[in-house]
Amino acid sequence: MFENKTIDENRQGEAIVLEDGNVGSKKLFLESYGCAMNFSDSEIVASILAKDGYSTTNVLEEADVVLVNTCAIRDNAEQRVRQRLKDFKKLKKNNPDMLVGVLGCMAERLKTKFLEEEQIVDMVVGPDSYRDLPNLLSQAEEGHRAVNVLLSKEETYSDIAPVRLSSNGVSAFISITRGCDNMCSFCVVPFTRGRERSRDPKSIVAEARDLFEKGYREITLLGQNVDSYLWSGGGLKKEILTEEQKAASVNFAQLLEMVALVHPDLRVRFSTSHPKDMTDEVLHVIAKYENVCKYVHLPVQSGSSRVLEIMNRGYDREWYLNRIAAIKSIIPDCGISTDVITGFCSETEEEHQETISLMQDVVYDFAYMFFYSERPKTLAERKYEDNIPEEVKKCRLAEVIDVQREHSAIRIKGMVGKTYRVLVEGISKKSDEMMMGRNSQNAVVVFPKENHKKGTYVNVFVDECTSTTLIGKVVV
Ligand code: SF4
């Protein structure tokens, strides 16, 4: 039912090629894997290189430069990138001047080791070094292999207007924070994206306004943990602020309200919420503004308090269920999704059953579900043994998936017989005679095309559904 790209930790590597773009004499082929933050970063990269004379292409063979924006969250995401580099190697035989650069989390994780391991690679560039790309490209053009993986405490790219290359012209991402300070024990992100930094709210609101003026009707505010967003002028952390600085700072609830006020026809989504930081203040802003979507992605990871503790998540089962209760009472019609990891270090069968029972309590609309995959340098790798056999991890995962399938069906069937305001995103993938869009709860809705236009709102009465999609008719 949901196709939203959230940015939490469990996401599998997913390749997105930026489509045909701006005009420039040199050709850039840019491919992204992983989370929405990577996709958003690729738009920043395209903007930086557009100023350096590069236009994007989706034809690999005509590229002067190939950049692959990588994900390090799971081993198989990295393996897909390694496989892709083999394709580039073949191509380079016919086009020896073509430069290949690796960007993002895998670049940051492996640093110069990447150059040793993959001879095809000319540049290795970490997520905070994209401004240096023109310089790194010049070095590579002169035959030097170039690396910049310095992490920054300040970089937010807030002054760079991203090039919206593969957008549908209706929905766009806006980054509000970079990095993460949480140190969940299974997660590599704090090591690959550095310390958390919040972006100036004025630049976020200006970007939202600019998108609205260009015809966009939906934005998603992105951060590893949007709830810890805090702008205090100089990017100072909460813990060291004086009372006066705290009073003058902007938190996530306030930022959400500022963005909601840009225009009532601009829908606002956000990702990802963190159970330990999500406040009732945020939930009240969601409830107050019709254009803030009634949808919260709240990763639980496990239903066992002991497992949550060794995951270093900063909350227990009771706290999490309290946050779910707050969502359900403040925003009764809210869509809720989550992330689940099965078979984390030392997880017992009883603890796995606690995850199942938590899912039964919540009844999520959607979940991203994975079995645990140990990542180098994480706290879990250093402190805990990855001692659950793979077949047990997979068996638990299958059980979680079955439960979720049942719940998704319950949730989507519960929307039949109701009327929803739908933002029209374009023609349905399955039929040229149908349009598709989403309701506030992020469910996909299809309806007869008639004269409806992309980027407008329609009210759709839902009279049937498949396992993933609502089907209805436009009503006045
Ligand atoms: S450290 Fe925790 S909160 Fe931060 S990105 Fe990783 S899983 Fe998400």
# chains A, B, ... in the order shown; residues from 1 in each chain; ligands from 1

call {"tool": "residues_near_ligand", "arguments": {"ligand": "ligand 1", "cutoff": "8 Å", "atoms": "only C-alpha atoms and all ligand atoms", "output": "list of chain:residue names"}}
result
A:Ile7, A:Asp8, A:Glu9, A:Asn10, A:Gly179, A:Cys180, A:Asp181, A:Asn182, A:Met183, A:Cys184, A:Ser185, A:Phe186, A:Cys187, A:Val188, A:Val189, A:Pro190, A:Gln224, A:Asn225, A:His274, A:Arg313

call {"tool": "write_last_selection", "arguments": {"atoms": "C-alpha atoms", "output": "compact mmCIF listing (two decimals), in the first residue's frame"}}
result
# COMPACT_ATOMS: atom_id res chain seq x y z
CA ILE A 7 15.15 7.02 5.65
CA ASP A 8 15.51 4.78 8.57
CA GLU A 9 18.27 2.32 9.09
CA ASN A 10 16.86 -0.92 7.71
CA GLY A 179 23.99 12.81 10.50
CA CYS A 180 22.85 11.05 13.65
CA ASP A 181 23.92 11.12 17.31
CA ASN A 182 21.94 8.12 18.47
CA MET A 183 24.42 5.27 18.16
CA CYS A 184 21.91 2.45 17.87
CA SER A 185 24.15 -0.57 18.29
CA PHE A 186 23.26 -2.22 14.94
CA CYS A 187 23.63 0.92 12.84
CA VAL A 188 26.48 2.18 10.71
CA VAL A 189 24.95 5.60 9.99
CA PRO A 190 26.65 7.56 12.82
CA GLN A 224 17.68 10.36 10.35
CA ASN A 225 15.72 11.49 13.41
CA HIS A 274 12.21 8.39 16.65
CA ARG A 313 17.40 2.50 21.16

call {"tool": "select_by_dssp", "arguments": {"residues": "range 105-352 of chain A", "states": "strand (DSSP E)", "output": "PDB file with N, CA, C and O atoms, in the first residue's frame"}}
result
ATOM      1  N   MET A 123      37.424   8.136  -7.864  1.00  0.00           N
ATOM      2  CA  MET A 123      37.157   9.090  -6.772  1.00  0.00           C
ATOM      3  C   MET A 123      36.337   8.429  -5.671  1.00  0.00           C
ATOM      4  O   MET A 123      35.405   7.669  -5.963  1.00  0.00           O
ATOM      5  N   VAL A 124      36.677   8.753  -4.414  1.00  0.00           N
ATOM      6  CA  VAL A 124      35.896   8.278  -3.272  1.00  0.00           C
ATOM      7  C   VAL A 124      35.498   9.522  -2.487  1.00  0.00           C
ATOM      8  O   VAL A 124      36.353  10.281  -2.028  1.00  0.00           O
ATOM      9  N   VAL A 125      34.188   9.742  -2.339  1.00  0.00           N
ATOM     10  CA  VAL A 125      33.725  11.015  -1.787  1.00  0.00           C
ATOM     11  C   VAL A 125      32.656  10.769  -0.719  1.00  0.00           C
ATOM     12  O   VAL A 125      31.599  10.197  -0.998  1.00  0.00           O
ATOM     13  N   ALA A 146      41.357  10.408  -6.488  1.00  0.00           N
ATOM     14  CA  ALA A 146      41.039  11.473  -5.530  1.00  0.00           C
ATOM     15  C   ALA A 146      40.110  10.985  -4.424  1.00  0.00           C
ATOM     16  O   ALA A 146      39.153  10.252  -4.689  1.00  0.00           O
ATOM     17  N   VAL A 147      40.402  11.417  -3.188  1.00  0.00           N
ATOM     18  CA  VAL A 147      39.589  10.986  -2.041  1.00  0.00           C
ATOM     19  C   VAL A 147      39.293  12.188  -1.149  1.00  0.00           C
ATOM     20  O   VAL A 147      40.193  12.965  -0.833  1.00  0.00           O
ATOM     21  N   ASN A 148      38.036  12.358  -0.737  1.00  0.00           N
ATOM     22  CA  ASN A 148      37.707  13.282   0.345  1.00  0.00           C
ATOM     23  C   ASN A 148      36.562  12.664   1.142  1.00  0.00           C
ATOM     24  O   ASN A 148      35.433  12.569   0.666  1.00  0.00           O
ATOM     25  N   SER A 171       6.046  15.868  -6.007  1.00  0.00           N
ATOM     26  CA  SER A 171       6.605  15.579  -4.677  1.00  0.00           C
ATOM     27  C   SER A 171       8.106  15.789  -4.678  1.00  0.00           C
ATOM     28  O   SER A 171       8.781  15.450  -5.651  1.00  0.00           O
ATOM     29  N   ALA A 172       8.623  16.332  -3.563  1.00  0.00           N
ATOM     30  CA  ALA A 172      10.076  16.550  -3.467  1.00  0.00           C
ATOM     31  C   ALA A 172      10.532  16.365  -2.024  1.00  0.00           C
ATOM     32  O   ALA A 172       9.740  16.490  -1.088  1.00  0.00           O
ATOM     33  N   PHE A 173      11.812  16.052  -1.873  1.00  0.00           N
ATOM     34  CA  PHE A 173      12.408  15.909  -0.542  1.00  0.00           C
ATOM     35  C   PHE A 173      13.103  17.201  -0.135  1.00  0.00           C
ATOM     36  O   PHE A 173      13.712  17.871  -0.973  1.00  0.00           O
ATOM     37  N   ILE A 174      13.056  17.500   1.162  1.00  0.00           N
ATOM     38  CA  ILE A 174      13.864  18.598   1.712  1.00  0.00           C
ATOM     39  C   ILE A 174      14.597  18.064   2.941  1.00  0.00           C
ATOM     40  O   ILE A 174      13.953  17.615   3.905  1.00  0.00           O
ATOM     41  N   SER A 175      15.928  18.123   2.937  1.00  0.00           N
ATOM     42  CA  SER A 175      16.689  17.664   4.112  1.00  0.00           C
ATOM     43  C   SER A 175      16.614  18.710   5.202  1.00  0.00           C
ATOM     44  O   SER A 175      16.809  19.893   4.938  1.00  0.00           O
ATOM     45  N   THR A 177      17.939  17.753   8.597  1.00  0.00           N
ATOM     46  CA  THR A 177      19.128  17.482   9.417  1.00  0.00           C
ATOM     47  C   THR A 177      20.047  16.570   8.629  1.00  0.00           C
ATOM     48  O   THR A 177      19.626  15.931   7.659  1.00  0.00           O
ATOM     49  N   ARG A 178      21.310  16.503   9.054  1.00  0.00           N
ATOM     50  CA  ARG A 178      22.251  15.516   8.507  1.00  0.00           C
ATOM     51  C   ARG A 178      22.898  14.811   9.687  1.00  0.00           C
ATOM     52  O   ARG A 178      23.053  15.380  10.757  1.00  0.00           O
ATOM     53  N   ARG A 197      23.442  17.491  12.581  1.00  0.00           N
ATOM     54  CA  ARG A 197      23.379  18.945  12.407  1.00  0.00           C
ATOM     55  C   ARG A 197      22.000  19.326  11.894  1.00  0.00           C
ATOM     56  O   ARG A 197      21.478  18.648  11.014  1.00  0.00           O
ATOM     57  N   SER A 198      21.449  20.414  12.424  1.00  0.00           N
ATOM     58  CA  SER A 198      20.151  20.895  11.932  1.00  0.00           C
ATOM     59  C   SER A 198      20.369  22.061  10.989  1.00  0.00           C
ATOM     60  O   SER A 198      21.317  22.828  11.149  1.00  0.00           O
ATOM     61  N   GLU A 218       3.722  18.541  -2.691  1.00  0.00           N
ATOM     62  CA  GLU A 218       4.014  17.687  -1.535  1.00  0.00           C
ATOM     63  C   GLU A 218       5.508  17.706  -1.252  1.00  0.00           C
ATOM     64  O   GLU A 218       6.314  17.516  -2.169  1.00  0.00           O
ATOM     65  N   ILE A 219       5.855  17.951   0.016  1.00  0.00           N
ATOM     66  CA  ILE A 219       7.272  17.864   0.382  1.00  0.00           C
ATOM     67  C   ILE A 219       7.419  16.872   1.535  1.00  0.00           C
ATOM     68  O   ILE A 219       6.515  16.710   2.352  1.00  0.00           O
ATOM     69  N   THR A 220       8.566  16.215   1.564  1.00  0.00           N
ATOM     70  CA  THR A 220       8.884  15.325   2.684  1.00  0.00           C
ATOM     71  C   THR A 220      10.133  15.862   3.361  1.00  0.00           C
ATOM     72  O   THR A 220      11.188  15.986   2.720  1.00  0.00           O
ATOM     73  N   LEU A 221       9.995  16.203   4.633  1.00  0.00           N
ATOM     74  CA  LEU A 221      11.138  16.700   5.403  1.00  0.00           C
ATOM     75  C   LEU A 221      11.959  15.491   5.854  1.00  0.00           C
ATOM     76  O   LEU A 221      11.419  14.561   6.455  1.00  0.00           O
ATOM     77  N   LEU A 222      13.251  15.522   5.557  1.00  0.00           N
ATOM     78  CA  LEU A 222      14.085  14.345   5.801  1.00  0.00           C
ATOM     79  C   LEU A 222      15.124  14.567   6.895  1.00  0.00           C
ATOM     80  O   LEU A 222      15.800  15.592   6.918  1.00  0.00           O
ATOM     81  N   LEU A 230      16.789  20.674  15.968  1.00  0.00           N
ATOM     82  CA  LEU A 230      16.819  21.851  16.842  1.00  0.00           C
ATOM     83  C   LEU A 230      17.743  22.888  16.243  1.00  0.00           C
ATOM     84  O   LEU A 230      18.942  22.644  16.095  1.00  0.00           O
ATOM     85  N   TRP A 231      17.162  24.022  15.910  1.00  0.00           N
ATOM     86  CA  TRP A 231      17.978  25.116  15.362  1.00  0.00           C
ATOM     87  C   TRP A 231      18.111  26.195  16.429  1.00  0.00           C
ATOM     88  O   TRP A 231      17.124  26.749  16.900  1.00  0.00           O
ATOM     89  N   VAL A 250      14.382  26.733  17.508  1.00  0.00           N
ATOM     90  CA  VAL A 250      13.233  26.170  16.776  1.00  0.00           C
ATOM     91  C   VAL A 250      13.321  24.647  16.861  1.00  0.00           C
ATOM     92  O   VAL A 250      14.328  24.058  16.458  1.00  0.00           O
ATOM     93  N   ASN A 251      12.284  24.014  17.409  1.00  0.00           N
ATOM     94  CA  ASN A 251      12.294  22.542  17.473  1.00  0.00           C
ATOM     95  C   ASN A 251      11.498  21.972  16.295  1.00  0.00           C
ATOM     96  O   ASN A 251      10.985  22.728  15.458  1.00  0.00           O
ATOM     97  N   ARG A 267       1.185  19.798   0.733  1.00  0.00           N
ATOM     98  CA  ARG A 267       1.191  18.703   1.701  1.00  0.00           C
ATOM     99  C   ARG A 267       2.577  18.547   2.306  1.00  0.00           C
ATOM    100  O   ARG A 267       3.577  18.665   1.605  1.00  0.00           O
ATOM    101  N   VAL A 268       2.589  18.226   3.610  1.00  0.00           N
ATOM    102  CA  VAL A 268       3.872  18.048   4.284  1.00  0.00           C
ATOM    103  C   VAL A 268       3.936  16.641   4.884  1.00  0.00           C
ATOM    104  O   VAL A 268       3.031  16.228   5.612  1.00  0.00           O
ATOM    105  N   ARG A 269       4.997  15.916   4.517  1.00  0.00           N
ATOM    106  CA  ARG A 269       5.302  14.631   5.151  1.00  0.00           C
ATOM    107  C   ARG A 269       6.665  14.752   5.801  1.00  0.00           C
ATOM    108  O   ARG A 269       7.412  15.703   5.532  1.00  0.00           O
ATOM    109  N   PHE A 270       7.042  13.777   6.605  1.00  0.00           N
ATOM    110  CA  PHE A 270       8.370  13.812   7.213  1.00  0.00           C
ATOM    111  C   PHE A 270       8.815  12.395   7.522  1.00  0.00           C
ATOM    112  O   PHE A 270       8.001  11.484   7.660  1.00  0.00           O
ATOM    113  N   SER A 271      10.137  12.219   7.626  1.00  0.00           N
ATOM    114  CA  SER A 271      10.691  10.905   7.891  1.00  0.00           C
ATOM    115  C   SER A 271      12.150  11.076   8.310  1.00  0.00           C
ATOM    116  O   SER A 271      12.866  11.845   7.672  1.00  0.00           O
ATOM    117  N   TYR A 295       0.262  10.584   8.916  1.00  0.00           N
ATOM    118  CA  TYR A 295       1.057   9.369   8.698  1.00  0.00           C
ATOM    119  C   TYR A 295       2.358   9.498   9.475  1.00  0.00           C
ATOM    120  O   TYR A 295       3.069  10.509   9.335  1.00  0.00           O
ATOM    121  N   VAL A 296       2.649   8.508  10.314  1.00  0.00           N
ATOM    122  CA  VAL A 296       3.895   8.534  11.098  1.00  0.00           C
ATOM    123  C   VAL A 296       4.628   7.213  10.897  1.00  0.00           C
ATOM    124  O   VAL A 296       4.044   6.136  11.088  1.00  0.00           O
ATOM    125  N   HIS A 297       5.891   7.313  10.506  1.00  0.00           N
ATOM    126  CA  HIS A 297       6.736   6.118  10.416  1.00  0.00           C
ATOM    127  C   HIS A 297       7.543   6.067  11.712  1.00  0.00           C
ATOM    128  O   HIS A 297       8.406   6.918  11.944  1.00  0.00           O
ATOM    129  N   GLY A 335      -2.149   6.962   9.702  1.00  0.00           N
ATOM    130  CA  GLY A 335      -1.464   5.765   9.213  1.00  0.00           C
ATOM    131  C   GLY A 335      -0.170   5.607  10.010  1.00  0.00           C
ATOM    132  O   GLY A 335       0.502   6.598  10.290  1.00  0.00           O
ATOM    133  N   ILE A 336       0.151   4.369  10.388  1.00  0.00           N
ATOM    134  CA  ILE A 336       1.380   4.149  11.177  1.00  0.00           C
ATOM    135  C   ILE A 336       2.181   3.012  10.525  1.00  0.00           C
ATOM    136  O   ILE A 336       1.633   1.953  10.224  1.00  0.00           O
ATOM    137  N   SER A 337       3.464   3.252  10.327  1.00  0.00           N
ATOM    138  CA  SER A 337       4.326   2.192   9.796  1.00  0.00           C
ATOM    139  C   SER A 337       5.558   2.064  10.689  1.00  0.00           C
ATOM    140  O   SER A 337       5.771   2.883  11.591  1.00  0.00           O
ATOM    141  N   THR A 338       6.341   1.020  10.442  1.00  0.00           N
ATOM    142  CA  THR A 338       7.471   0.760  11.334  1.00  0.00           C
ATOM    143  C   THR A 338       8.598   0.025  10.621  1.00  0.00           C
ATOM    144  O   THR A 338       8.475  -0.315   9.433  1.00  0.00           O
ATOM    145  N   ASP A 339       9.696  -0.182  11.354  1.00  0.00           N
ATOM    146  CA  ASP A 339      10.800  -1.040  10.910  1.00  0.00           C
ATOM    147  C   ASP A 339      10.980  -2.134  11.963  1.00  0.00           C
ATOM    148  O   ASP A 339      10.898  -1.845  13.163  1.00  0.00           O
ATOM    149  N   VAL A 340      11.245  -3.346  11.514  1.00  0.00           N
ATOM    150  CA  VAL A 340      11.473  -4.458  12.447  1.00  0.00           C
ATOM    151  C   VAL A 340      12.739  -5.207  12.037  1.00  0.00           C
ATOM    152  O   VAL A 340      12.958  -5.463  10.846  1.00  0.00           O
ATOM    153  N   ILE A 341      13.554  -5.556  13.037  1.00  0.00           N
ATOM    154  CA  ILE A 341      14.716  -6.421  12.795  1.00  0.00           C
ATOM    155  C   ILE A 341      14.478  -7.725  13.549  1.00  0.00           C
ATOM    156  O   ILE A 341      14.187  -7.696  14.752  1.00  0.00           O
ATOM    157  N   THR A 342      14.601  -8.848  12.859  1.00  0.00           N
ATOM    158  CA  THR A 342      14.484 -10.131  13.565  1.00  0.00           C
ATOM    159  C   THR A 342      15.876 -10.729  13.757  1.00  0.00           C
ATOM    160  O   THR A 342      16.785 -10.483  12.971  1.00  0.00           O
TER     161      THR A 342
END

call {"tool": "closest_residue", "arguments": {"among": "A:Ala36, A:Ile471, A:Val170, A:Val307", "to": "Glu349 in chain A", "atoms": "only C-alpha atoms"}}
result
A:Val307

call {"tool": "residues_around", "arguments": {"residues": "range 56-71 of chain A", "least_positions_apart": "6", "cutoff": "6 Å", "atoms": "only C-alpha atoms", "output": "list in words"}}
result
Glu19, Asp20, Gly21, Lys27, Leu28, Phe29, Leu30, Glu31, Ser32, Tyr33, Gly34, Met98, Leu99, Val100, Gly101, Val102, Leu103, Gly104, Cys105 and Met106 of chain A

call {"tool": "residues_around", "arguments": {"residues": "Glu350 in chain A", "least_positions_apart": "2", "cutoff": "12 Å", "atoms": "only C-alpha atoms", "output": "list in words"}}
result
Ser302, Gly303, Ser304, Ser305, Arg306, Val307, Gly343, Ser346, Glu347, Thr348, His352, Gln353, Glu354, Thr355, Ile356, Ser357 and Arg396 of chain A

call {"tool": "write_last_selection", "arguments": {"atoms": "N, CA, C and O atoms", "output": "tab-separated table (two decimals), in the first residue's frame"}}
result
chain	number	residue	atom	x	y	z
A	302	SER	N	12.21	-3.85	17.74
A	302	SER	CA	11.92	-5.07	18.50
A	302	SER	C	10.82	-4.76	19.50
A	302	SER	O	10.69	-3.62	19.97
A	303	GLY	N	10.05	-5.81	19.88
A	303	GLY	CA	9.02	-5.63	20.90
A	303	GLY	C	9.51	-5.99	22.28
A	303	GLY	O	8.75	-5.96	23.25
A	304	SER	N	10.78	-6.38	22.40
A	304	SER	CA	11.33	-6.80	23.69
A	304	SER	C	12.16	-5.67	24.31
A	304	SER	O	13.10	-5.16	23.67
A	305	SER	N	11.86	-5.34	25.56
A	305	SER	CA	12.61	-4.25	26.22
A	305	SER	C	14.09	-4.62	26.37
A	305	SER	O	14.96	-3.76	26.25
A	306	ARG	N	14.39	-5.91	26.62
A	306	ARG	CA	15.80	-6.27	26.78
A	306	ARG	C	16.54	-6.09	25.45
A	306	ARG	O	17.64	-5.54	25.39
A	307	VAL	N	15.92	-6.53	24.36
A	307	VAL	CA	16.58	-6.39	23.06
A	307	VAL	C	16.72	-4.91	22.70
A	307	VAL	O	17.76	-4.47	22.21
A	343	GLY	N	16.01	-11.50	14.84
A	343	GLY	CA	17.25	-12.25	15.08
A	343	GLY	C	18.43	-11.38	15.46
A	343	GLY	O	19.58	-11.73	15.15
A	346	SER	N	21.47	-12.49	20.40
A	346	SER	CA	20.94	-13.13	21.62
A	346	SER	C	19.41	-13.06	21.74
A	346	SER	O	18.88	-13.42	22.80
A	347	GLU	N	18.70	-12.65	20.73
A	347	GLU	CA	17.22	-12.60	20.80
A	347	GLU	C	16.67	-14.02	21.01
A	347	GLU	O	16.95	-14.93	20.23
A	348	THR	N	15.88	-14.21	22.05
A	348	THR	CA	15.28	-15.53	22.29
A	348	THR	C	13.96	-15.65	21.54
A	348	THR	O	13.40	-14.63	21.09
A	352	HIS	N	11.28	-12.76	20.53
A	352	HIS	CA	10.72	-12.61	19.18
A	352	HIS	C	9.19	-12.56	19.26
A	352	HIS	O	8.55	-11.74	18.58
A	353	GLN	N	8.61	-13.42	20.12
A	353	GLN	CA	7.15	-13.43	20.26
A	353	GLN	C	6.65	-12.09	20.84
A	353	GLN	O	5.53	-11.66	20.56
A	354	GLU	N	7.50	-11.41	21.59
A	354	GLU	CA	7.11	-10.08	22.10
A	354	GLU	C	6.99	-9.08	20.94
A	354	GLU	O	6.16	-8.18	20.96
A	355	THR	N	7.84	-9.25	19.93
A	355	THR	CA	7.72	-8.39	18.73
A	355	THR	C	6.39	-8.66	18.04
A	355	THR	O	5.66	-7.74	17.66
A	356	ILE	N	6.07	-9.96	17.92
A	356	ILE	CA	4.79	-10.31	17.27
A	356	ILE	C	3.63	-9.72	18.07
A	356	ILE	O	2.70	-9.13	17.50
A	357	SER	N	3.69	-9.84	19.39
A	357	SER	CA	2.55	-9.36	20.19
A	357	SER	C	2.46	-7.83	20.13
A	357	SER	O	1.36	-7.27	20.14
A	396	ARG	N	12.00	-16.31	11.72
A	396	ARG	CA	11.32	-15.25	12.50
A	396	ARG	C	10.86	-14.12	11.57
A	396	ARG	O	9.78	-13.56	11.75

call {"tool": "closest_residue", "arguments": {"among": "A:Leu321, A:Ile73, A:Ile331, A:Met258", "to": "Pro299 in chain A", "atoms": "only C-alpha atoms"}}
result
A:Leu321

call {"tool": "residues_around", "arguments": {"residues": "Ile324 in chain A", "least_positions_apart": "6", "cutoff": "9 Å", "atoms": "only C-alpha atoms", "output": "PDB file with N, CA and C atoms, in the first residue's frame"}}
result
ATOM      1  N   PRO A 275      11.023   7.046  18.326  1.00  0.00           N
ATOM      2  CA  PRO A 275      10.125   6.884  19.478  1.00  0.00           C
ATOM      3  C   PRO A 275      10.612   7.594  20.742  1.00  0.00           C
ATOM      4  N   LEU A 298       7.235   5.106  12.580  1.00  0.00           N
ATOM      5  CA  LEU A 298       7.843   5.058  13.915  1.00  0.00           C
ATOM      6  C   LEU A 298       8.546   3.705  14.107  1.00  0.00           C
ATOM      7  N   ILE A 336       0.151   4.369  10.388  1.00  0.00           N
ATOM      8  CA  ILE A 336       1.380   4.149  11.177  1.00  0.00           C
ATOM      9  C   ILE A 336       2.181   3.012  10.525  1.00  0.00           C
ATOM     10  N   VAL A 362      -0.432  -2.964  17.889  1.00  0.00           N
ATOM     11  CA  VAL A 362      -0.435  -1.713  17.109  1.00  0.00           C
ATOM     12  C   VAL A 362      -1.290  -1.848  15.846  1.00  0.00           C
TER      13      VAL A 362
END

call {"tool": "atom_distance", "arguments": {"atom1": "CA of Glu464 in chain A", "atom2": "CA of Ser408 in chain A"}}
result
14.8 Å

call {"tool": "residues_around", "arguments": {"residues": "range 134-143 of chain A", "least_positions_apart": "2", "cutoff": "7 Å", "atoms": "only C-alpha atoms", "output": "JSON, numbers by chain"}}
result
{"A": [49, 52, 122, 123, 132, 145, 146]}
